[in-house]
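Below: structure-v4.txt (compact mmCIF, C-alpha atoms)
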```
# COMPACT_ATOMS: atom_id res chain seq x y z
CA MET A 1 -24.68 1.68 -10.11
CA TYR A 2 -23.35 -1.28 -8.14
CA ILE A 3 -22.37 -4.06 -10.55
CA ARG A 4 -19.05 -5.40 -9.28
CA THR A 5 -18.52 -8.90 -7.89
CA TRP A 6 -16.15 -10.62 -5.46
CA LEU A 7 -13.71 -11.15 -8.34
CA THR A 8 -13.31 -7.43 -9.01
CA ALA A 9 -13.19 -6.76 -5.26
CA THR A 10 -10.40 -9.34 -4.99
CA ALA A 11 -8.58 -7.63 -7.87
CA HIS A 12 -8.84 -4.28 -6.02
CA ILE A 13 -7.45 -5.91 -2.85
CA ILE A 14 -4.53 -7.59 -4.61
CA THR A 15 -3.79 -4.36 -6.49
CA THR A 16 -3.61 -2.47 -3.20
CA VAL A 17 -1.87 -5.09 -1.04
CA ILE A 18 0.83 -6.47 -3.35
CA GLY A 19 2.70 -3.25 -3.88
CA SER A 20 5.86 -1.76 -2.45
CA GLY A 21 5.72 -4.14 0.51
CA VAL A 22 6.49 -7.35 -1.37
CA LEU A 23 9.76 -5.96 -2.68
CA SER A 24 11.23 -5.49 0.80
CA LEU A 25 10.24 -8.83 2.33
CA ALA A 26 13.56 -10.63 1.74
CA TRP A 27 15.33 -7.72 3.48
CA SER A 28 12.77 -7.77 6.31
CA VAL A 29 13.22 -11.51 6.91
CA ALA A 30 17.01 -11.00 6.88
CA GLN A 31 16.65 -8.52 9.76
CA LEU A 32 14.31 -10.77 11.78
CA GLY A 33 15.72 -14.19 10.91
CA TRP A 34 13.97 -17.44 10.01
CA ILE A 35 11.81 -17.59 13.12
CA GLY A 36 10.99 -13.90 13.53
CA GLY A 37 10.37 -13.39 9.82
CA THR A 38 8.04 -16.38 9.51
CA VAL A 39 6.09 -15.47 12.65
CA ALA A 40 5.70 -11.84 11.55
CA LEU A 41 4.42 -12.76 8.07
CA ILE A 42 1.84 -15.20 9.42
CA ALA A 43 0.79 -12.97 12.34
CA PHE A 44 0.11 -9.91 10.20
CA ALA A 45 -1.83 -12.02 7.67
CA LEU A 46 -4.08 -13.44 10.38
CA ILE A 47 -4.62 -10.07 12.07
CA THR A 48 -5.47 -8.43 8.73
CA TRP A 49 -7.91 -11.20 7.82
CA PHE A 50 -9.62 -11.05 11.23
CA ALA A 51 -9.92 -7.26 11.26
CA SER A 52 -11.16 -7.18 7.64
CA SER A 53 -13.89 -9.68 8.53
CA LEU A 54 -15.02 -7.38 11.35
CA LEU A 55 -14.92 -4.27 9.19
CA ALA A 56 -16.91 -5.80 6.31
CA ASP A 57 -19.97 -6.06 8.59
CA TYR A 58 -20.15 -2.30 9.06
CA TYR A 59 -20.58 -1.21 5.46
CA ARG A 60 -24.26 -0.60 6.17
CA ASP A 61 -25.66 1.52 9.01
CA PRO A 62 -26.79 -0.85 11.81
CA VAL A 63 -30.11 1.00 12.26
CA THR A 64 -31.20 2.26 8.83
CA GLY A 65 -29.39 -0.22 6.60
CA LYS A 66 -28.09 2.69 4.53
CA ARG A 67 -24.78 2.20 2.73
CA ASN A 68 -21.70 3.79 4.24
CA HIS A 69 -19.84 4.82 1.10
CA GLY A 70 -16.48 5.13 2.85
CA TYR A 71 -14.58 3.89 5.90
CA LYS A 72 -14.95 7.28 7.57
CA GLU A 73 -18.74 7.22 7.16
CA ALA A 74 -18.87 3.82 8.84
CA VAL A 75 -16.79 5.09 11.76
CA LYS A 76 -18.99 8.16 12.13
CA SER A 77 -22.27 6.23 12.07
CA ILE A 78 -21.13 3.70 14.69
CA LEU A 79 -18.53 5.46 16.88
CA GLY A 80 -19.61 9.10 16.70
CA GLU A 81 -18.08 12.45 15.80
CA LEU A 82 -14.96 12.43 18.01
CA GLN A 83 -13.73 9.06 16.78
CA PHE A 84 -14.61 10.13 13.25
CA LYS A 85 -12.28 13.15 13.45
CA PHE A 86 -9.44 11.00 14.81
CA PHE A 87 -10.00 8.50 12.03
CA ALA A 88 -10.05 11.12 9.29
CA VAL A 89 -6.65 12.49 10.29
CA VAL A 90 -5.08 9.03 10.44
CA GLN A 91 -6.64 7.77 7.20
CA TYR A 92 -5.69 10.66 4.98
CA VAL A 93 -2.18 10.99 6.37
CA THR A 94 -1.73 7.27 5.73
CA LEU A 95 -3.07 7.47 2.19
CA LEU A 96 -0.72 10.37 1.51
CA GLY A 97 2.19 8.31 2.84
CA VAL A 98 1.24 5.32 0.70
CA ASN A 99 1.09 7.53 -2.39
CA ILE A 100 4.58 8.81 -1.59
CA GLY A 101 5.81 5.21 -1.30
CA TYR A 102 4.06 4.33 -4.57
CA THR A 103 5.85 7.22 -6.27
CA ILE A 104 9.33 6.37 -4.97
CA THR A 105 9.13 2.66 -5.84
CA PRO A 106 8.36 2.88 -9.60
CA ALA A 107 10.98 5.59 -9.97
CA ILE A 108 13.56 3.23 -8.48
CA SER A 109 12.32 0.51 -10.85
CA MET A 110 12.71 2.82 -13.85
CA ALA A 111 16.28 3.52 -12.77
CA ALA A 112 16.86 -0.22 -12.25
CA MET A 113 15.78 -0.92 -15.84
CA ILE A 114 18.43 1.49 -17.13
CA ARG A 115 21.06 0.12 -14.77
CA SER A 116 20.28 -3.50 -15.62
CA TYR A 117 20.99 -2.90 -19.30
CA CYS A 118 24.12 -0.94 -18.39
CA PHE A 119 25.42 -3.80 -16.21
CA HIS A 120 24.75 -6.26 -19.02
CA LYS A 121 26.65 -4.09 -21.51
CA GLU A 122 29.45 -2.68 -19.34
CA GLY A 123 29.93 -5.47 -16.79
CA HIS A 124 28.77 -6.01 -13.20
CA ASP A 125 31.58 -3.89 -11.76
CA ALA A 126 30.49 -0.77 -13.64
CA GLY A 127 28.89 2.00 -11.57
CA CYS A 128 25.93 2.62 -13.89
CA HIS A 129 24.47 5.17 -11.46
CA VAL A 130 21.47 7.25 -12.55
CA SER A 131 19.41 9.99 -10.90
CA ASN A 132 15.99 8.93 -9.58
CA ASN A 133 14.49 12.43 -9.74
CA LYS A 134 13.70 12.43 -13.45
CA PHE A 135 11.88 9.12 -13.05
CA ILE A 136 9.87 10.45 -10.10
CA ILE A 137 8.83 13.35 -12.34
CA ILE A 138 7.89 10.98 -15.18
CA PHE A 139 5.71 8.90 -12.86
CA GLY A 140 4.11 12.07 -11.48
CA ALA A 141 3.29 13.21 -15.02
CA ILE A 142 1.55 9.89 -15.73
CA GLN A 143 -0.51 10.29 -12.55
CA LEU A 144 -1.49 13.83 -13.52
CA PHE A 145 -3.26 12.33 -16.51
CA LEU A 146 -4.77 9.28 -14.80
CA SER A 147 -5.97 11.27 -11.79
CA GLN A 148 -8.76 12.67 -13.96
CA ILE A 149 -10.54 9.29 -13.77
CA PRO A 150 -13.66 10.28 -11.76
CA ASP A 151 -14.09 7.46 -9.23
CA PHE A 152 -13.69 3.81 -8.14
CA HIS A 153 -16.45 2.58 -10.46
CA GLN A 154 -14.34 3.48 -13.48
CA LEU A 155 -11.15 1.89 -12.13
CA ALA A 156 -12.12 -1.78 -12.51
CA GLY A 157 -10.17 -2.23 -15.75
CA LEU A 158 -7.10 -0.45 -14.38
CA SER A 159 -7.20 -2.52 -11.19
CA THR A 160 -7.46 -5.79 -13.11
CA ILE A 161 -4.42 -4.89 -15.23
CA ALA A 162 -2.51 -3.79 -12.14
CA ALA A 163 -3.37 -7.00 -10.25
CA THR A 164 -2.11 -9.04 -13.21
CA MET A 165 1.15 -7.11 -13.14
CA SER A 166 1.58 -7.76 -9.41
CA PHE A 167 1.32 -11.49 -10.04
CA ALA A 168 3.76 -11.18 -12.93
CA TYR A 169 6.58 -9.37 -11.15
CA SER A 170 6.15 -11.39 -7.96
CA THR A 171 6.46 -14.56 -10.06
CA ILE A 172 9.52 -13.20 -11.86
CA GLY A 173 11.16 -12.31 -8.57
CA LEU A 174 10.28 -15.70 -7.15
CA CYS A 175 11.69 -17.55 -10.18
CA LEU A 176 14.91 -15.52 -10.10
CA THR A 177 15.20 -16.27 -6.39
CA ILE A 178 14.77 -20.01 -6.95
CA ALA A 179 17.34 -19.88 -9.75
CA LYS A 180 19.79 -18.16 -7.43
CA ILE A 181 19.23 -20.82 -4.76
CA ALA A 182 19.80 -23.51 -7.42
CA GLU A 183 23.24 -22.06 -8.13
CA GLY A 184 24.25 -23.58 -4.80
CA LYS A 185 26.39 -20.67 -3.64
CA HIS A 186 26.81 -20.47 0.12
CA VAL A 187 25.06 -17.58 1.87
CA THR A 188 24.93 -16.83 5.59
CA THR A 189 21.53 -17.11 7.23
CA SER A 190 20.51 -17.29 10.86
CA ILE A 191 17.56 -18.15 13.06
CA THR A 192 17.73 -14.59 14.41
CA GLY A 193 18.80 -12.76 11.23
CA LEU A 194 21.72 -10.35 10.91
CA ILE A 195 24.48 -11.15 13.37
CA VAL A 196 25.42 -8.47 15.91
CA GLY A 197 29.11 -7.64 15.73
CA VAL A 198 29.46 -9.17 12.26
CA ASP A 199 26.76 -7.61 10.06
CA VAL A 200 25.48 -4.81 12.29
CA THR A 201 25.91 -3.19 15.69
CA SER A 202 23.43 -3.95 18.46
CA SER A 203 21.64 -0.61 17.98
CA GLU A 204 21.44 -1.08 14.20
CA LYS A 205 20.01 -4.56 14.76
CA LEU A 206 17.26 -3.15 16.98
CA TRP A 207 16.30 -0.30 14.65
CA ASN A 208 16.43 -2.50 11.54
CA CYS A 209 14.17 -5.11 13.15
CA LEU A 210 11.59 -2.44 13.98
CA VAL A 211 11.70 -1.08 10.42
CA ALA A 212 11.38 -4.64 9.10
CA ILE A 213 8.22 -5.19 11.17
CA GLY A 214 6.85 -1.93 9.75
CA ASN A 215 7.67 -3.09 6.21
CA ILE A 216 5.75 -6.32 6.77
CA ALA A 217 2.83 -4.44 8.34
CA VAL A 218 2.50 -2.06 5.40
CA ALA A 219 2.64 -5.02 3.04
CA TYR A 220 -0.75 -6.09 4.43
CA THR A 221 -2.38 -2.66 4.58
CA PHE A 222 -5.61 -2.45 2.61
CA SER A 223 -8.27 -2.02 5.31
CA VAL A 224 -7.94 1.73 4.81
CA ILE A 225 -9.97 1.43 1.57
CA LEU A 226 -11.90 -1.79 2.25
CA ILE A 227 -15.24 0.02 2.62
CA GLU A 228 -14.59 1.99 -0.58
CA ILE A 229 -13.96 -1.28 -2.41
CA GLN A 230 -17.08 -2.81 -0.84
CA ASP A 231 -19.06 0.19 -2.10
CA THR A 232 -18.54 -1.04 -5.68
CA LEU A 233 -20.40 -4.33 -4.99
CA LYS A 234 -23.97 -5.05 -5.99
CA SER A 235 -26.39 -5.59 -3.11
CA SER A 236 -27.23 -9.24 -3.83
CA PRO A 237 -25.74 -11.39 -2.45
CA PRO A 238 -25.13 -9.30 0.73
CA GLU A 239 -22.06 -7.09 0.38
CA ASN A 240 -20.51 -8.15 3.69
CA LYS A 241 -20.50 -11.83 2.71
CA VAL A 242 -19.05 -11.05 -0.71
CA MET A 243 -16.40 -8.78 0.81
CA LYS A 244 -15.38 -11.38 3.37
CA LYS A 245 -14.91 -13.90 0.56
CA ALA A 246 -12.89 -11.40 -1.47
CA ALA A 247 -10.76 -10.53 1.57
CA SER A 248 -10.12 -14.18 2.39
CA VAL A 249 -9.09 -15.00 -1.18
CA GLY A 250 -7.04 -11.82 -1.59
CA ILE A 251 -5.17 -12.18 1.71
CA SER A 252 -4.55 -15.90 1.12
CA ILE A 253 -3.06 -15.27 -2.31
CA THR A 254 -0.88 -12.41 -1.13
CA THR A 255 0.33 -14.36 1.91
CA ILE A 256 1.49 -17.22 -0.31
CA PHE A 257 3.42 -14.71 -2.40
CA TYR A 258 4.82 -13.00 0.67
CA MET A 259 5.99 -16.21 2.31
CA SER A 260 7.59 -17.30 -0.95
CA CYS A 261 9.29 -13.99 -1.71
CA GLY A 262 10.38 -13.33 1.88
CA LEU A 263 11.64 -16.76 2.95
CA LEU A 264 13.04 -17.89 -0.39
CA GLY A 265 14.54 -14.44 -0.87
CA TYR A 266 16.36 -14.81 2.43
CA ALA A 267 17.52 -18.29 1.43
CA ALA A 268 18.90 -16.86 -1.82
CA PHE A 269 20.63 -13.74 -0.49
CA GLY A 270 21.17 -14.51 3.16
CA ASN A 271 22.07 -11.64 5.45
CA ASN A 272 23.05 -9.54 2.41
CA ALA A 273 19.47 -9.39 1.10
CA PRO A 274 18.88 -6.05 -0.71
CA GLY A 275 16.23 -3.60 0.47
CA ASN A 276 14.33 -4.11 -2.79
CA PHE A 277 14.89 -7.53 -4.30
CA LEU A 278 14.23 -6.48 -7.91
CA THR A 279 16.09 -3.16 -7.86
CA GLY A 280 18.88 -3.93 -5.38
CA PHE A 281 20.74 -6.08 -7.92
CA GLY A 282 20.85 -9.31 -6.09
CA PHE A 283 20.35 -10.55 -9.67
CA TYR A 284 22.12 -9.37 -12.84
CA GLU A 285 21.04 -11.91 -15.44
CA PRO A 286 18.99 -12.52 -17.45
CA PHE A 287 18.92 -8.74 -17.73
CA TRP A 288 15.82 -8.67 -19.93
CA LEU A 289 13.80 -10.53 -17.29
CA ILE A 290 14.90 -8.07 -14.59
CA ILE A 291 13.87 -5.21 -16.88
CA LEU A 292 10.51 -6.89 -17.50
CA GLY A 293 9.93 -7.44 -13.78
CA ASN A 294 10.59 -3.78 -13.03
CA LEU A 295 8.31 -2.74 -15.89
CA PHE A 296 5.52 -4.78 -14.32
CA ILE A 297 6.17 -3.06 -10.97
CA ILE A 298 5.72 0.32 -12.66
CA ILE A 299 2.48 -0.69 -14.40
CA HIS A 300 1.11 -2.16 -11.17
CA LEU A 301 1.85 0.91 -9.07
CA VAL A 302 0.38 3.21 -11.73
CA GLY A 303 -2.96 1.51 -10.97
CA ALA A 304 -2.43 1.13 -7.22
CA TYR A 305 -1.66 4.85 -6.90
CA GLN A 306 -5.08 5.66 -8.34
CA VAL A 307 -6.91 3.18 -6.10
CA ILE A 308 -5.24 4.71 -3.03
CA SER A 309 -5.85 8.30 -4.18
CA GLN A 310 -9.60 8.07 -4.73
CA PRO A 311 -10.68 8.59 -1.07
CA ILE A 312 -8.51 11.73 -0.85
CA PHE A 313 -9.88 13.07 -4.12
CA LYS A 314 -13.45 12.37 -2.97
CA LEU A 315 -12.93 14.09 0.40
CA VAL A 316 -12.09 17.49 -1.09
CA GLU A 317 -14.52 17.25 -4.00
CA ASP A 318 -17.46 16.30 -1.76
CA TRP A 319 -16.63 19.12 0.66
CA CYS A 320 -16.49 21.67 -2.16
CA SER A 321 -19.77 20.39 -3.59
CA SER A 322 -21.53 20.82 -0.23
CA ARG A 323 -19.89 24.22 0.39
CA TRP A 324 -20.60 25.73 -3.05
CA PRO A 325 -23.36 23.61 -4.60
CA GLU A 326 -24.20 26.15 -7.31
CA SER A 327 -20.66 26.94 -8.42
CA SER A 328 -19.96 26.57 -12.13
CA VAL A 329 -16.49 25.26 -11.26
CA LEU A 330 -18.09 22.08 -9.89
CA ARG A 331 -20.31 21.32 -12.85
CA GLU A 332 -19.51 18.57 -15.30
CA GLY A 333 -18.81 19.86 -18.80
CA ASN A 334 -20.03 18.49 -22.09
CA PRO A 335 -18.93 14.91 -22.87
CA ILE A 336 -15.68 14.59 -24.82
CA LYS A 337 -15.01 11.41 -26.76
CA ILE A 338 -11.43 10.21 -26.31
CA PRO A 339 -10.25 7.41 -28.63
CA LEU A 340 -9.76 4.08 -26.80
CA LEU A 341 -10.70 5.69 -23.45
CA GLY A 342 -14.40 6.40 -23.92
CA VAL A 343 -16.29 9.53 -22.88
CA TYR A 344 -14.76 12.12 -20.56
CA ARG A 345 -16.60 15.00 -18.87
CA PHE A 346 -14.40 17.97 -18.00
CA ASN A 347 -14.56 19.32 -14.44
CA MET A 348 -12.46 22.32 -13.38
CA LEU A 349 -12.29 21.40 -9.69
CA ARG A 350 -11.17 17.86 -10.53
CA LEU A 351 -8.49 19.17 -12.88
CA VAL A 352 -7.03 21.73 -10.47
CA TRP A 353 -7.34 19.86 -7.15
CA ARG A 354 -6.05 16.50 -8.35
CA SER A 355 -3.20 18.09 -10.28
CA VAL A 356 -2.09 20.03 -7.19
CA TYR A 357 -2.24 16.86 -5.06
CA VAL A 358 -0.16 14.77 -7.50
CA THR A 359 2.38 17.58 -7.80
CA VAL A 360 2.82 17.87 -4.02
CA VAL A 361 3.22 14.08 -3.65
CA THR A 362 5.83 14.10 -6.41
CA LEU A 363 7.84 16.87 -4.76
CA VAL A 364 7.77 15.20 -1.33
CA SER A 365 8.91 11.93 -2.94
CA MET A 366 11.91 13.74 -4.38
CA LEU A 367 12.78 15.19 -0.97
CA PHE A 368 12.48 11.91 0.99
CA PRO A 369 13.26 8.98 -1.37
CA PHE A 370 14.05 6.46 1.41
CA PHE A 371 12.38 3.20 0.41
CA ASN A 372 12.55 0.94 3.48
CA ASN A 373 12.21 3.65 6.14
CA ILE A 374 9.26 5.32 4.39
CA LEU A 375 7.55 1.94 4.16
CA GLY A 376 8.24 1.34 7.84
CA LEU A 377 6.76 4.69 8.78
CA ILE A 378 3.62 3.98 6.76
CA GLY A 379 3.36 0.68 8.64
CA VAL A 380 2.65 2.64 11.83
CA SER A 381 -0.93 3.10 10.59
CA PHE A 382 -1.54 -0.65 10.83
CA TRP A 383 -2.77 -0.28 14.41
CA PRO A 384 -5.42 2.43 14.06
CA LEU A 385 -6.77 1.63 10.59
CA THR A 386 -6.49 -2.16 10.45
CA VAL A 387 -7.08 -3.04 14.12
CA TYR A 388 -8.29 -0.25 16.43
CA PHE A 389 -11.33 1.06 14.53
CA PRO A 390 -12.71 -2.35 13.42
CA VAL A 391 -12.34 -3.62 17.01
CA GLU A 392 -14.04 -0.54 18.53
CA MET A 393 -16.86 -0.69 15.96
CA HIS A 394 -17.40 -4.37 16.72
CA ILE A 395 -17.48 -3.76 20.48
CA SER A 396 -19.83 -0.78 20.13
CA ARG A 397 -22.29 -2.37 17.71
CA LEU A 398 -22.57 -5.69 19.56
CA LYS A 399 -22.47 -3.93 22.94
CA ILE A 400 -19.81 -6.32 24.24
CA GLN A 401 -19.59 -6.04 28.01
CA LYS A 402 -16.42 -4.55 29.48
CA PHE A 403 -13.95 -7.02 30.97
CA SER A 404 -15.76 -9.96 29.45
CA PHE A 405 -13.53 -12.63 27.92
CA LYS A 406 -14.26 -11.41 24.38
CA TRP A 407 -13.73 -7.75 25.30
CA ILE A 408 -10.36 -8.52 26.95
CA GLY A 409 -9.24 -10.54 23.91
CA LEU A 410 -10.14 -7.78 21.44
CA GLN A 411 -8.52 -5.05 23.54
CA ALA A 412 -5.39 -7.15 24.07
CA LEU A 413 -4.99 -7.47 20.30
CA SER A 414 -5.46 -3.71 19.88
CA VAL A 415 -2.96 -2.81 22.63
CA PHE A 416 -0.38 -5.24 21.26
CA CYS A 417 -0.62 -3.67 17.79
CA LEU A 418 -0.45 -0.17 19.31
CA ILE A 419 2.81 -0.98 21.12
CA MET A 420 4.28 -2.48 17.95
CA SER A 421 3.27 0.60 15.93
CA LEU A 422 4.95 2.97 18.40
CA LEU A 423 8.16 0.94 18.29
CA VAL A 424 8.07 0.82 14.49
CA ALA A 425 7.59 4.60 14.37
CA ALA A 426 10.71 5.09 16.51
CA GLY A 427 12.76 2.77 14.31
CA SER A 428 11.62 4.36 11.04
CA ILE A 429 12.18 7.93 12.24
CA GLU A 430 15.66 6.98 13.43
CA GLY A 431 16.37 5.48 9.99
CA ILE A 432 15.13 8.57 8.14
CA ILE A 433 17.25 10.84 10.34
CA ARG A 434 20.26 8.60 9.66
CA ASP A 435 19.58 8.70 5.89
CA LEU A 436 19.17 12.49 5.90
CA GLY A 437 22.65 12.76 7.39
CA THR A 438 24.19 11.48 4.14
CA PHE A 439 21.52 12.55 1.63
CA LYS A 440 21.86 15.55 -0.70
CA ILE A 441 18.53 17.31 -1.26
CA LEU A 442 16.98 16.55 -4.68
CA ASN A 443 19.94 14.35 -5.55
CA SER A 444 18.61 10.80 -5.17
CA VAL A 445 20.83 8.35 -7.07
CA SER A 446 20.43 4.62 -7.73
```
Would you give me this structure, written as structure tokens?
Amino acid sequence: MYIRTWLTATAHIITTVIGSGVLSLAWSVAQLGWIGGTVALIAFALITWFASSLLADYYRDPVTGKRNHGYKEAVKSILGELQFKFFAVVQYVTLLGVNIGYTITPAISMAAMIRSYCFHKEGHDAGCHVSNNKFIIIFGAIQLFLSQIPDFHQLAGLSTIAATMSFAYSTIGLCLTIAKIAEGKHVTTSITGLIVGVDVTSSEKLWNCLVAIGNIAVAYTFSVILIEIQDTLKSSPPENKVMKKAASVGISITTIFYMSCGLLGYAAFGNNAPGNFLTGFGFYEPFWLIILGNLFIIIHLVGAYQVISQPIFKLVEDWCSSRWPESSVLREGNPIKIPLLGVYRFNMLRLVWRSVYVTVVTLVSMLFPFFNNILGLIGVSFWPLTVYFPVEMHISRLKIQKFSFKWIGLQALSVFCLIMSLLVAAGSIEGIIRDLGTFKILNSVS
């Protein structure tokens, strides 16, 4: 049943977009500087808005008018089998990467809550170090339970709560940043960011800038589940018009937050901006507000994790249903009334498959808990999922003539984003290799 409106679609978008990415924006701007940081934030917002507007038009099959219930179905119906296979690999690897990032981030926030109280009690010079692994496990255990929610249509309440939390912690971070600026303490900033020979070497400057671009790119990534969100909308008014409105509102709101957090964060911390502005302890007081901000991060990413996971869950469950349609393992059990949560129908496949997936993501997060570099690596998917496929679908459906002005413009945008993605991949992989050189397996410490 399709009963959702542009408001719930906007909530889904904000839940997905304002996640791990917003926390790294002050650090990203510090790497790129005032000019580079501002240009990158605006450029990725405009590209995301443009590509989302293209993609929203392909929710329905151009010939039959039938709904495409997922991004991959839209690609298959318009671009064919070969492109569909390429898309499937990229989409699900990306979703897996995002889930890993969304497991690492709340664990760091849990540790930051403990450390914030410790700093308040013991003093700012105290070590107050804690292991992140137990918090990764706690978050994984929460997701084991929530992963039994059947589908997107039952996530509206969770998404609304999560979107509210994203506003809350972004506002807290922004207010703390403004308060730090108001202190009037001198910090070093630059038009070009970190200064070579003073803050970093020339090679570190290059790699950090590439990772920063990847961090900003991943901050705008939601096209990967745009069609799935659109699939929750009622058919009147037309879904593409409603989705375009939701995308415009969602991207506008998030861009305002991003510009505020990134640029004001750089003004507050200068070239010493932490990788995560609420867990890197650029602030110490008021400690209770820092704890509250990190709590909101955790609540938000609990919901965002589920929104991101649904396409992966659906992939395996739909395949099993088509492969073994008569299997008793796939049948819904008798309804079970759960206080405060409503009616739940037990399904063995859902229980086993989703539990295995969450467990694997949790283990990988413990092995590679590198916040900024993991985000940068996820940002590589910006080209294929946000730009390449919407552009190719648009060209194919409208039969845009090769080497026409419009065709050249669309392909130029796609090639530019491809080159940026390849450079970001190189920078992120170099950073992960560098981190692994000093990291002890299963011994992540904040």
Q | Atom pair atom CA of Gly37 of chain A / atom CA of Tyr266 of chain A: separation (Å) | A |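 If I compute the distance from atom CA of Gly37 of chain A to atom CA of Tyr266 of chain A, I get 9.6 Å.
When atom CA of Leu46 of chain A is paired with atom CA of Ser248 of chain A, their separation reads 10.0 Å.
The list of residues with at least one atom within 8 Å of Tyr102 of chain A, based on only C-alpha atoms and without residues fewer than 2 positions apart in the same chain, reads Gly19, Ser20, Val98, Asn99, Ile100, Ile104, Thr105, Pro106, Leu301, Ala304 and Tyr305 of chain A.
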Q | Surrounding residues of Cys118 of chain A excluding itself and chain neighbours under 2 positions, 12 Å, all atoms listed in the file, as a ChimeraX atom specification | A | /A:111-116,120-130,284-285,287-288,291
Q: Write out as a PyMOL selection string which residues come within 8 Å of Leu385 of chain A when counting all atoms listed in the file, dropping same-chain ones fewer than 4 positions away.
A: chain A and resi 87+90-91+223-224+381+389-390
Centre, x/y/z edge lengths, axis-aligned box for segment 267-273 of chain A with 5 Å per side, as lines of an AutoDock Vina configuration file:
```
center_x = 20.3
center_y = -13.8
center_z = 1.8
size_x = 15.5
size_y = 18.9
size_z = 17.3
```
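Using only C-alpha atoms, the nearest neighbour of Thr359 of chain A within the list A:Ile137, A:Val63, A:Val307, A:Val242 is A:Ile137.
The gap separating atom CA of Asn240 of chain A from atom CA of Leu315 of chain A is 23.7 Å, in Å to one decimal.
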Q: Have a look at A:Ser235, A:Thr164, A:Asn294, A:Asn372 and name the one nearest to Ile14 of chain A; count all atoms listed in the file.
A: A:Thr164
Q) Counting all atoms listed in the file, what is within 9 Å of Glu392 of chain A, bar same-chain residues fewer than 6 positions away, as a PyMOL selection string? A) chain A and resi 79+410-411
Write the residues of the preceding selection, restricted to C-alpha atoms, as a tab-separated table (two decimals), in the coordinates of the input.
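What ended up in result.tsv:
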```
chain	number	residue	atom	x	y	z
A	79	LEU	CA	-18.53	5.46	16.88
A	410	LEU	CA	-10.14	-7.78	21.44
A	411	GLN	CA	-8.52	-5.05	23.54
```
**Q.** For Ser428 of chain A, the nearest of the candidates A:Phe269, A:Trp207, A:Tyr388, A:Tyr71, counting only C-alpha atoms
**A.** A:Trp207
Q: Considering all atoms listed in the file, state which residue in the set A:Val352, A:Met259, A:Ile229, A:Ile312 is at the smallest distance from Ala247 of chain A.
A: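 Of A:Val352, A:Met259, A:Ile229, A:Ile312, the one nearest Ala247 of chain A is A:Ile229, counting all atoms listed in the file.
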What's the 12 Å shell around Gly431 of chain A, counting all atoms listed in the file, without same-chain residues fewer than 5 positions away, as a PDB file with C-alpha atoms, in the frame of the given file?
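The result, written out as part.pdb:
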```pdb
ATOM      1  CA  SER A 203      21.640  -0.610  17.980  1.00  0.00           C
ATOM      2  CA  GLU A 204      21.440  -1.080  14.200  1.00  0.00           C
ATOM      3  CA  LYS A 205      20.010  -4.560  14.760  1.00  0.00           C
ATOM      4  CA  LEU A 206      17.260  -3.150  16.980  1.00  0.00           C
ATOM      5  CA  TRP A 207      16.300  -0.300  14.650  1.00  0.00           C
ATOM      6  CA  ASN A 208      16.430  -2.500  11.540  1.00  0.00           C
ATOM      7  CA  CYS A 209      14.170  -5.110  13.150  1.00  0.00           C
ATOM      8  CA  LEU A 210      11.590  -2.440  13.980  1.00  0.00           C
ATOM      9  CA  VAL A 211      11.700  -1.080  10.420  1.00  0.00           C
ATOM     10  CA  ALA A 212      11.380  -4.640   9.100  1.00  0.00           C
ATOM     11  CA  PHE A 368      12.480  11.910   0.990  1.00  0.00           C
ATOM     12  CA  PHE A 370      14.050   6.460   1.410  1.00  0.00           C
ATOM     13  CA  PHE A 371      12.380   3.200   0.410  1.00  0.00           C
ATOM     14  CA  ASN A 372      12.550   0.940   3.480  1.00  0.00           C
ATOM     15  CA  ASN A 373      12.210   3.650   6.140  1.00  0.00           C
ATOM     16  CA  ILE A 374       9.260   5.320   4.390  1.00  0.00           C
ATOM     17  CA  LEU A 375       7.550   1.940   4.160  1.00  0.00           C
ATOM     18  CA  GLY A 376       8.240   1.340   7.840  1.00  0.00           C
ATOM     19  CA  LEU A 377       6.760   4.690   8.780  1.00  0.00           C
ATOM     20  CA  VAL A 424       8.070   0.820  14.490  1.00  0.00           C
ATOM     21  CA  ALA A 425       7.590   4.600  14.370  1.00  0.00           C
ATOM     22  CA  ALA A 426      10.710   5.090  16.510  1.00  0.00           C
ATOM     23  CA  LEU A 436      19.170  12.490   5.900  1.00  0.00           C
ATOM     24  CA  GLY A 437      22.650  12.760   7.390  1.00  0.00           C
ATOM     25  CA  THR A 438      24.190  11.480   4.140  1.00  0.00           C
TER      26      THR A 438
END
```
**Q.** For Ser28 of chain A, the nearest of the candidates A:Gly65, A:Pro237, A:Gly214, A:Gly80, counting all atoms listed in the file
**A.**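 For Ser28 of chain A, the nearest of the given residues is A:Gly214.
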Q | Selected residue, from A:Ile178, A:Ile298, A:Ile419, A:Leu54, that lies nearest to Ala107 of chain A when counting all atoms listed in the file | A |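 Among the listed residues, the smallest separation from Ala107 of chain A belongs to A:Ile298.
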Q: May I have the residues at most 10 Å from (8.6, -6.4, -5.5) in the file's coordinates, counting all atoms listed in the file, as a PyMOL selection string?
A: chain A and resi 18-26+105+109+166-167+169-174+258+261+276-279+293-294+296-297
